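**Q** If you scroll down you'll find the structure; I have some questions about it.
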Amino acid sequence: MKTLKEVPGLGIARLDRGGLAYRLSEPLTIDEVAGLLRETWCRRLTVSDASADGRYPAEFRALCELDGEPFVLVGRIGQGS
């Protein structure tokens with residue numbers, strides 16, 4: 001697996017320490033996360049809530065496929081860049 005992956009419209013994602021998923025460094029807005037559902041390369045999307053105390057932000061996990069290569073994309077949901 002490559003260490004970096006270019007994700008269309010979202011930028012560069014880096015392979016996480018466990019080597020199981022690519023993580024975006026900047027948070028996405030909720031509209032950007034919802035837009036993943038419209039992308040032909042996004043197969044499945046799950047979202048987790050933020051903790052009530054604000055310690056843990058909301059996150060998303062997407063099962064994707066680009067150029068025939070399946071991968072998992074994860075990231076935070078927030079104000080975005």
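Lettering and numbering for the structure tokens are positional, with chains as A, B, ... in the shown order, residues counted from 1 in each chain, and ligands counted from 1 in the shown order.
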When you look at stretch 53-68 of chain A with a cut-off of 9 Å (counting only C-alpha atoms), what residues show up, excluding the ones that are within fewer than 2 positions of it in the same chain? I need them as a list in words.
**A**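 Everything that qualifies: Val7, Pro27, Val33, Leu36, Thr40, Trp41, Cys42, Arg43, Arg44, Leu45, Thr46, Val47, Ser48, Asp49, Ala50, Ser51, Pro70, Phe71, Val72, Leu73, Val74, Gly75, Arg76, Ile77 and Gly78 of chain A.
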**Q** The selected residues should be written to file as a compact mmCIF listing (two decimals), in the first residue's frame (atoms: C-alpha atoms).
**A**
```
# COMPACT_ATOMS: atom_id res chain seq x y z
CA VAL A 7 -8.72 11.49 -2.84
CA PRO A 27 -11.76 17.83 9.23
CA VAL A 33 -19.17 14.15 4.26
CA LEU A 36 -19.24 11.37 -0.33
CA THR A 40 -19.22 6.80 -7.56
CA TRP A 41 -16.01 5.70 -5.81
CA CYS A 42 -17.60 5.74 -2.31
CA ARG A 43 -19.35 2.43 -1.63
CA ARG A 44 -20.38 2.79 2.03
CA LEU A 45 -20.31 5.53 4.65
CA THR A 46 -20.73 5.38 8.43
CA VAL A 47 -20.66 8.29 10.84
CA SER A 48 -20.06 8.32 14.60
CA ASP A 49 -21.33 11.00 16.97
CA ALA A 50 -19.05 13.33 18.88
CA SER A 51 -18.80 12.80 22.63
CA PRO A 70 -10.39 -0.73 -2.44
CA PHE A 71 -9.48 1.25 0.67
CA VAL A 72 -10.97 2.70 3.84
CA LEU A 73 -11.01 6.47 4.31
CA VAL A 74 -11.46 7.95 7.78
CA GLY A 75 -11.62 11.49 9.07
CA ARG A 76 -13.08 13.98 11.52
CA ILE A 77 -16.22 16.01 10.99
CA GLY A 78 -15.89 19.63 11.99
```
**Q** Excluding stretch 11-13 of chain A and its own-chain neighbours fewer than 6 positions away, which residues fall within 7 Å of it when counting only C-alpha atoms? Please give them as a PyMOL selection string.
**A** chain A and resi 4-5+22-25
**Q** Could you work out how far atom CA of A:Glu32 lies from atom CA of A:Arg17, giving the answer in Å with one decimal?
**A** 24.7 Å
**Q** Could you go through chain A and tell me which residues DSSP, when run on the backbone, assigns to helix (DSSP H, G or I), listing them as a list in words?
**A**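 Of chain A, the ones in helix (DSSP H, G or I) are Ile30, Asp31, Glu32, Val33, Ala34, Gly35 and Leu36 of chain A.
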**Q** Provide the atom CA of A:Gln79 to atom CA of A:Thr29 distance in Å, to one decimal place.
**A**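 Interatomic distance here is 5.4 Å.
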**Q** List every residue of chain A that DSSP, applied to the backbone of this structure, assigns to strand (DSSP E), and report them as a PyMOL selection string.
**A** chain A and resi 4-7+11-15+22-24+42-48+58-66+69-77
**Q** Just the number, please: distance in Å from atom CA of A:Ala34 to atom CA of A:Glu69, one decimal.
**A**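 These two atoms are separated by 22.1 Å.
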